[in-house]
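Pasting query.cif here (mmCIF, C-alpha atoms and all ligand atoms):
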```cif
data_input
loop_
_atom_site.label_atom_id
_atom_site.label_comp_id
_atom_site.auth_asym_id
_atom_site.auth_seq_id
_atom_site.Cartn_x
_atom_site.Cartn_y
_atom_site.Cartn_z
CA MET A 1 25.81 -5.62 -6.80
CA ILE A 2 22.46 -4.43 -5.55
CA VAL A 3 20.38 -1.90 -7.48
CA THR A 4 17.16 -0.71 -5.85
CA ILE A 5 14.24 0.84 -7.70
CA ASP A 6 11.49 2.34 -5.58
CA GLY A 7 8.54 4.52 -6.45
CA PRO A 8 4.76 4.84 -6.45
CA ALA A 9 2.23 2.55 -8.15
CA ALA A 10 2.38 2.45 -11.97
CA SER A 11 5.59 4.47 -12.17
CA GLY A 12 7.04 1.75 -14.41
CA LYS A 13 9.27 0.10 -11.79
CA SER A 14 8.50 -3.54 -12.59
CA THR A 15 9.00 -3.29 -16.34
CA VAL A 16 12.11 -1.16 -15.94
CA ALA A 17 13.57 -3.50 -13.28
CA ARG A 18 12.98 -6.51 -15.51
CA LEU A 19 14.56 -4.91 -18.59
CA LEU A 20 17.49 -3.49 -16.65
CA ALA A 21 18.10 -6.92 -15.11
CA GLU A 22 18.10 -8.44 -18.59
CA LYS A 23 20.69 -5.91 -19.85
CA LEU A 24 22.91 -6.37 -16.81
CA ARG A 25 22.38 -10.13 -16.68
CA ALA A 26 21.20 -9.69 -13.14
CA SER A 27 18.41 -11.33 -11.20
CA PHE A 28 15.42 -9.27 -10.19
CA LEU A 29 12.96 -9.18 -7.37
CA ASP A 30 9.45 -7.74 -7.54
CA THR A 31 8.75 -7.23 -3.83
CA GLY A 32 5.18 -6.07 -4.50
CA ALA A 33 4.51 -9.67 -5.59
CA MET A 34 5.39 -10.80 -2.05
CA TYR A 35 2.83 -8.46 -0.47
CA ARG A 36 0.31 -9.51 -3.08
CA ALA A 37 0.92 -13.21 -2.42
CA VAL A 38 0.32 -12.82 1.33
CA THR A 39 -2.80 -10.77 0.56
CA LEU A 40 -4.15 -13.51 -1.72
CA ALA A 41 -3.44 -16.24 0.84
CA ALA A 42 -5.10 -14.17 3.59
CA LEU A 43 -8.20 -13.54 1.46
CA LYS A 44 -8.44 -17.22 0.54
CA ALA A 45 -8.13 -18.23 4.19
CA GLY A 46 -10.80 -15.72 5.18
CA ALA A 47 -8.32 -14.15 7.63
CA ASP A 48 -8.75 -10.77 9.28
CA ILE A 49 -6.29 -8.79 7.18
CA THR A 50 -5.86 -6.16 9.87
CA ASP A 51 -4.65 -8.78 12.37
CA GLN A 52 -0.83 -8.99 12.16
CA ASP A 53 -0.63 -12.29 14.02
CA GLN A 54 -3.04 -13.99 11.62
CA LEU A 55 -0.97 -12.66 8.70
CA LEU A 56 2.27 -13.91 10.24
CA SER A 57 0.77 -17.31 10.81
CA ILE A 58 -0.30 -17.46 7.15
CA LEU A 59 3.24 -16.56 6.09
CA THR A 60 4.69 -19.23 8.39
CA ASN A 61 2.25 -22.00 7.58
CA SER A 62 2.07 -21.69 3.80
CA ASP A 63 4.87 -22.43 1.39
CA PHE A 64 5.51 -19.23 -0.58
CA LYS A 65 7.95 -19.54 -3.47
CA PHE A 66 9.32 -16.65 -5.51
CA ALA A 67 11.45 -17.50 -8.51
CA VAL A 68 12.52 -15.81 -11.73
CA LYS A 69 11.88 -17.81 -14.90
CA GLU A 70 12.55 -16.42 -18.38
CA GLY A 71 12.58 -12.88 -17.05
CA LYS A 72 9.28 -13.28 -15.22
CA MET A 73 8.65 -13.49 -11.50
CA ILE A 74 6.77 -16.70 -10.79
CA VAL A 75 4.90 -16.93 -7.49
CA SER A 76 3.48 -20.07 -5.99
CA ILE A 77 1.66 -20.82 -2.73
CA ASP A 78 1.71 -24.42 -1.51
CA GLY A 79 2.75 -25.58 -4.96
CA VAL A 80 -0.03 -23.72 -6.81
CA ASP A 81 1.07 -21.13 -9.38
CA VAL A 82 -0.63 -17.83 -8.45
CA THR A 83 1.42 -15.53 -10.71
CA GLU A 84 -1.69 -14.22 -12.48
CA GLN A 85 -4.09 -14.36 -9.51
CA ILE A 86 -1.99 -11.98 -7.41
CA ARG A 87 -2.69 -9.25 -10.01
CA ASP A 88 -6.49 -9.40 -9.41
CA ALA A 89 -8.18 -6.09 -8.56
CA LYS A 90 -9.36 -7.49 -5.23
CA VAL A 91 -5.79 -8.35 -4.25
CA THR A 92 -4.57 -4.90 -5.35
CA ALA A 93 -7.25 -3.19 -3.28
CA ASN A 94 -6.49 -5.20 -0.13
CA ALA A 95 -2.69 -5.29 -0.38
CA ARG A 96 -2.25 -1.94 1.29
CA ASN A 97 -3.63 -3.26 4.61
CA ILE A 98 -1.09 -6.05 4.49
CA ALA A 99 1.65 -3.58 3.55
CA SER A 100 1.13 -1.60 6.73
CA ALA A 101 1.58 -4.62 9.04
CA GLU A 102 4.95 -3.89 10.64
CA LYS A 103 5.82 -7.42 11.84
CA LEU A 104 4.96 -8.87 8.46
CA ARG A 105 7.12 -6.27 6.70
CA GLU A 106 10.07 -7.26 8.91
CA ARG A 107 9.69 -10.89 7.85
CA LEU A 108 9.32 -10.04 4.17
CA VAL A 109 12.36 -7.73 4.28
CA HIS A 110 14.30 -10.63 5.83
CA MET A 111 13.17 -12.91 2.96
CA GLN A 112 14.19 -10.21 0.44
CA ARG A 113 17.69 -10.05 1.94
CA GLN A 114 17.97 -13.85 1.84
CA PHE A 115 16.90 -13.84 -1.81
CA ALA A 116 19.48 -11.15 -2.66
CA ALA A 117 22.26 -12.91 -0.74
CA LYS A 118 22.10 -15.81 -3.21
CA GLU A 119 22.57 -13.55 -6.25
CA LYS A 120 25.72 -11.93 -7.62
CA LYS A 121 23.75 -9.07 -9.14
CA ILE A 122 20.21 -8.11 -8.35
CA ILE A 123 17.75 -5.41 -9.26
CA THR A 124 15.08 -5.17 -6.59
CA GLU A 125 11.98 -3.02 -6.80
CA GLY A 126 9.30 -1.90 -4.39
CA ARG A 127 8.64 0.95 -1.99
CA ASP A 128 11.28 0.51 0.73
CA GLN A 129 14.13 -1.24 -1.02
CA GLY A 130 16.61 1.66 -0.84
CA THR A 131 15.43 2.93 2.54
CA VAL A 132 14.85 -0.21 4.64
CA ALA A 133 15.72 -3.48 2.90
CA PHE A 134 19.05 -2.49 1.31
CA PRO A 135 20.32 0.79 2.77
CA ASN A 136 23.83 -0.07 1.50
CA ALA A 137 22.80 -0.82 -2.09
CA ASN A 138 25.35 0.14 -4.75
CA ILE A 139 22.90 2.39 -6.51
CA LYS A 140 19.36 3.51 -5.71
CA PHE A 141 16.71 4.87 -8.02
CA TYR A 142 13.36 6.42 -7.24
CA LEU A 143 10.95 6.63 -10.17
CA ILE A 144 8.16 9.18 -10.23
CA ALA A 145 5.53 10.13 -12.81
CA ASP A 146 2.53 12.40 -13.00
CA PRO A 147 -0.61 10.61 -11.61
CA LEU A 148 -2.55 11.15 -14.85
CA GLU A 149 0.23 9.58 -16.89
CA ARG A 150 0.41 6.67 -14.46
CA ALA A 151 -3.37 6.23 -14.78
CA ARG A 152 -3.00 6.16 -18.58
CA ARG A 153 -0.35 3.47 -18.32
CA ARG A 154 -2.49 1.38 -15.98
CA GLN A 155 -5.49 1.80 -18.31
CA ALA A 156 -3.44 0.61 -21.29
CA GLU A 157 -2.23 -2.39 -19.26
CA LEU A 158 -5.82 -3.26 -18.29
CA LYS A 159 -6.84 -3.01 -21.94
CA THR A 160 -4.30 -5.66 -22.92
CA LYS A 161 -6.04 -7.91 -20.38
CA GLY A 162 -9.42 -7.22 -21.95
CA SER A 163 -10.85 -4.96 -19.25
CA SER A 164 -11.75 -1.30 -19.48
CA GLU A 165 -11.84 1.17 -16.64
CA ASN A 166 -12.56 4.88 -16.41
CA LEU A 167 -9.35 6.98 -16.47
CA GLU A 168 -10.42 9.33 -13.67
CA LYS A 169 -11.35 6.35 -11.48
CA ILE A 170 -7.95 4.74 -12.04
CA LYS A 171 -6.21 8.04 -11.26
CA MET A 172 -8.14 8.40 -8.01
CA ALA A 173 -7.29 4.84 -6.97
CA ILE A 174 -3.60 5.48 -7.74
CA GLU A 175 -3.58 8.68 -5.69
CA GLU A 176 -5.27 6.90 -2.81
CA ARG A 177 -2.63 4.16 -2.90
CA ASP A 178 0.15 6.78 -2.97
CA LYS A 179 -1.29 8.43 0.12
CA SER A 180 -1.62 5.21 2.05
CA ASP A 181 1.88 4.03 0.96
CA GLN A 182 3.38 7.34 2.09
CA ALA A 183 1.48 7.57 5.36
CA ARG A 184 2.28 4.19 6.92
CA ALA A 185 4.76 4.11 9.78
CA ALA A 186 6.70 1.04 8.62
CA GLY A 187 8.59 1.14 5.31
CA PRO A 188 6.74 4.17 3.92
CA LEU A 189 7.04 5.13 0.28
CA LYS A 190 9.79 7.75 0.09
CA PRO A 191 13.09 8.20 -1.71
CA ALA A 192 16.27 7.27 0.16
CA THR A 193 18.38 10.37 0.79
CA ASP A 194 20.99 9.02 -1.65
CA ALA A 195 18.52 7.89 -4.35
CA ILE A 196 18.59 9.22 -7.91
CA VAL A 197 15.10 10.52 -8.65
CA VAL A 198 13.96 9.95 -12.24
CA ASP A 199 10.75 11.54 -13.55
CA THR A 200 9.40 9.14 -16.18
CA THR A 201 6.30 11.17 -17.17
CA HIS A 202 7.64 12.10 -20.60
CA LEU A 203 9.96 9.16 -21.15
CA THR A 204 9.38 5.84 -22.87
CA ILE A 205 10.26 2.64 -21.00
CA GLU A 206 13.33 2.25 -23.25
CA GLU A 207 14.49 5.79 -22.41
CA VAL A 208 14.12 5.12 -18.69
CA VAL A 209 16.07 1.87 -18.97
CA GLU A 210 18.87 3.63 -20.92
CA LYS A 211 19.05 6.38 -18.33
CA LEU A 212 19.32 3.93 -15.46
CA LEU A 213 21.78 1.76 -17.33
CA ASP A 214 24.08 4.78 -17.89
CA ARG A 215 24.05 5.57 -14.18
CA VAL A 216 24.72 1.94 -13.20
CA GLU A 217 27.64 1.71 -15.63
CA GLU A 218 29.05 5.00 -14.33
CA CYS A 219 28.80 3.65 -10.80
CA LEU A 220 30.47 0.34 -11.73
CA LYS A 221 33.37 2.21 -13.41
CA LYS A 222 33.83 4.35 -10.29
CA ASP A 223 33.94 1.22 -8.12
CA GLN A 224 36.61 -0.35 -10.36
CA ARG A 225 38.91 2.67 -10.05
O1 LIG A 301 4.11 -2.68 -6.61
P1 LIG A 301 2.79 -3.41 -6.39
O2 LIG A 301 1.59 -2.65 -6.87
O3 LIG A 301 2.80 -4.81 -6.93
O4 LIG A 301 2.66 -3.52 -4.79
C1 LIG A 301 1.59 -4.20 -4.17
C2 LIG A 301 1.36 -3.64 -2.78
O5 LIG A 301 2.46 -3.89 -1.92
C3 LIG A 301 1.12 -2.13 -2.71
O6 LIG A 301 0.03 -1.90 -1.84
C4 LIG A 301 2.39 -1.56 -2.13
C5 LIG A 301 2.97 -2.70 -1.34
N1 LIG A 301 4.42 -2.78 -1.34
C6 LIG A 301 5.09 -2.36 -0.21
O7 LIG A 301 4.46 -1.87 0.73
N2 LIG A 301 6.44 -2.48 -0.14
C7 LIG A 301 7.13 -2.99 -1.15
N3 LIG A 301 8.46 -3.12 -1.05
C8 LIG A 301 6.46 -3.40 -2.33
C9 LIG A 301 5.09 -3.27 -2.39
#
```
Mind turning the file's structure into C-alpha cells?
Ligand code: DC
Amino acid sequence: MIVTIDGPAASGKSTVARLLAEKLRASFLDTGAMYRAVTLAALKAGADITDQDQLLSILTNSDFKFAVKEGKMIVSIDGVDVTEQIRDAKVTANARNIASAEKLRERLVHMQRQFAAKEKKIITEGRDQGTVAFPNANIKFYLIADPLERARRRQAELKTKGSSENLEKIKMAIEERDKSDQARAAGPLKPATDAIVVDTTHLTIEEVVEKLLDRVEECLKKDQR
C-alpha cells in the first residue's frame, strides 16, 4: 500500500505523514530530507550547486543512508548522522537549486521507489510523490494551507529551536519557495489529477490526520470488496 502526501512548504506534510504512518503501522519516507542531504553534501564539498554532473557525482560517491528509527527519519552521509544539520537555514535556502536538477531528481525518484519496494505499507511525502514517483499509489493527498498560516507554523517551529524570525519575512520566503517549486520543469509542485486536496489552514494536525485516516480506511475497504 502506497499513500502519497504532497504539498507546499510548511503545509504540515511531514508531521502528518509521520503520525499517519504510526496509526497505520506503515513506514514513511520524507523525500525532502533526500534533497536536503544532497544539498548539505554539495555545500560541504564546495560544489557548484547549479552543475548537475557535480551533484550526480556527489550522490554517487558519498554513502547516503535514509532510515526510519522510532518514527523519525534518520539521515547519514558517509556514516555521519546529519539528521539535524539538513534542517539548517542555509540548506533550506539552497535546496531549491538542487531540486530543479532533472538528472538528480531521476536518481532520487529511483531511490524512493527502491525504498518503497522493501515496505509493505508506506506513506511518502514530498512534492512529486503522487505525480512522478508513484503515479499508481493507492491513495494520494495534496495538502494546502494559507501562506500566512504556514508562516505562523514555521515561526512556532523555529521558536522551539530557540530562534526567532519575523513573520512577514518567513511568509515571503515560503511564497518564494512555492513559486520556485511550482515553476521547475522536472517534478514541479502540483496535485496529481486524482489527488484528494485537503486545506489544513483551519485544522489541527490531529484533525488532518483523522481526515486522511478516514479516507485511507475507506479506500482499503473498497479494495477488499
Ligand atoms: O519538504 P522540504 O522542505 O524538506 O523539502 C526540501 C527541498 O526539497 C525543497 O526545496 C523542495 C524539495 N523537494 C522536492 O523538490 N521534491 C520532493 N519530493 C521533496 C522535496
Excluding same-chain residues fewer than 3 positions from A:Arg215, what lies within 12 Å of it counting only C-alpha atoms, as a tab-separated table (two decimals) with C-alpha atoms, keeping the file's coordinate frame?
```
chain	number	residue	atom	x	y	z
A	3	VAL	CA	20.38	-1.90	-7.48
A	20	LEU	CA	17.49	-3.49	-16.65
A	138	ASN	CA	25.35	0.14	-4.75
A	139	ILE	CA	22.90	2.39	-6.51
A	140	LYS	CA	19.36	3.51	-5.71
A	141	PHE	CA	16.71	4.87	-8.02
A	195	ALA	CA	18.52	7.89	-4.35
A	196	ILE	CA	18.59	9.22	-7.91
A	197	VAL	CA	15.10	10.52	-8.65
A	198	VAL	CA	13.96	9.95	-12.24
A	208	VAL	CA	14.12	5.12	-18.69
A	209	VAL	CA	16.07	1.87	-18.97
A	210	GLU	CA	18.87	3.63	-20.92
A	211	LYS	CA	19.05	6.38	-18.33
A	212	LEU	CA	19.32	3.93	-15.46
A	218	GLU	CA	29.05	5.00	-14.33
A	219	CYS	CA	28.80	3.65	-10.80
A	220	LEU	CA	30.47	0.34	-11.73
A	221	LYS	CA	33.37	2.21	-13.41
A	222	LYS	CA	33.83	4.35	-10.29
```
Per-residue nearest contacts chain A to ligand LIG 301 (chain A), cut-off 7 Å, using all atoms listed in the file, as CSV:
```
residue,atom,partner,partner_atom,distance
A:Ala9,CA,A:LIG301,O2,5.4
A:Thr31,CA,A:LIG301,C8,4.7
A:Gly32,CA,A:LIG301,C9,3.5
A:Ala33,CA,A:LIG301,O3,5.3
A:Tyr35,CA,A:LIG301,O5,4.8
A:Arg36,CA,A:LIG301,C1,5.6
A:Thr92,CA,A:LIG301,C1,6.3
A:Ala95,CA,A:LIG301,O6,4.6
A:Arg96,CA,A:LIG301,O6,3.9
A:Ala99,CA,A:LIG301,O7,4.3
A:Ser100,CA,A:LIG301,O7,6.9
A:Glu125,CA,A:LIG301,N3,6.7
A:Gly126,CA,A:LIG301,N3,3.7
A:Arg127,CA,A:LIG301,N3,4.2
A:Asp128,CA,A:LIG301,N3,4.9
A:Gln129,CA,A:LIG301,N3,6.0
A:Arg177,CA,A:LIG301,O6,6.7
A:Asp181,CA,A:LIG301,C4,6.4
A:Gly187,CA,A:LIG301,O7,6.9
```
Of the listed residues A:Pro8, A:Leu104, A:Lys72, A:Ala93, that which approaches A:Leu55 most closely, counting only C-alpha atoms: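 Closest residue, counting only C-alpha atoms: A:Leu104.
Distances to A:Ala151 were evaluated for A:Val38, A:Met172, A:Leu43, A:Met111 using only C-alpha atoms, and the minimum falls at A:Met172.
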Point-to-point distance from atom CA of A:Ile58 to atom CA of A:Thr39, Å rounded to tenths: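 Atom CA of A:Thr39 lies at a distance of 9.7 Å from atom CA of A:Ile58.
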Using all atoms listed in the file: which of A:Lys171, A:Lys23, A:Arg87, A:Lys190 has the shortest distance to A:Val132: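 So, comparing all the options, the nearest one is A:Lys190.
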Which residue of A:Ser27, A:Asn166, A:Gln52, A:Gln112 approaches A:Lys65 most closely, using all atoms listed in the file: A:Gln112
Exercise: A:Arg25 partners within 10 Å, only C-alpha atoms, chain neighbours under 4 positions left out, as a list in words: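 These residues fall inside the cut-off: Leu19, Leu20, Ala21, Lys120, Lys121, Ile122 and Ile123 of chain A.
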Can you write out the residues you just picked, keeping C-alpha atoms, as an mmCIF file, in the coordinates of the input?
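Okay, this is what ended up in again_1.cif:
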```cif
data_model
loop_
_atom_site.group_PDB
_atom_site.id
_atom_site.type_symbol
_atom_site.label_atom_id
_atom_site.label_comp_id
_atom_site.auth_asym_id
_atom_site.auth_seq_id
_atom_site.Cartn_x
_atom_site.Cartn_y
_atom_site.Cartn_z
ATOM 1 C CA LEU A 19 14.560 -4.910 -18.590
ATOM 2 C CA LEU A 20 17.490 -3.490 -16.650
ATOM 3 C CA ALA A 21 18.100 -6.920 -15.110
ATOM 4 C CA LYS A 120 25.720 -11.930 -7.620
ATOM 5 C CA LYS A 121 23.750 -9.070 -9.140
ATOM 6 C CA ILE A 122 20.210 -8.110 -8.350
ATOM 7 C CA ILE A 123 17.750 -5.410 -9.260
#
```
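Across the model, the gap from atom CA of A:Asp6 to atom CA of A:Tyr142 is 4.8 Å.
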Gap from atom CA of A:Gln54 to atom CA of A:Ala42 - Å, one decimal: 8.3 Å
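Using only C-alpha atoms for every distance, the candidate list A:Lys90, A:Lys13, A:Lys169, A:Arg154 yields A:Lys13 as the residue closest to A:Asp30.
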Counting only C-alpha atoms, the option among A:Leu59, A:Leu24, A:Ala67, A:Ile174 closest to A:Asp146: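 Of A:Leu59, A:Leu24, A:Ala67, A:Ile174, the one nearest A:Asp146 is A:Ile174, counting only C-alpha atoms.
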Centre and edge lengths, as AutoDock Vina command-line options, for the axis-aligned box enclosing every listed atom of stretch 203-215 of chain A with 3 Å of padding on each of the six sides, in Å to one decimal?
```
--center_x 16.7 --center_y 5.5 --center_z -18.7 --size_x 20.7 --size_y 13.4 --size_z 15.1
```
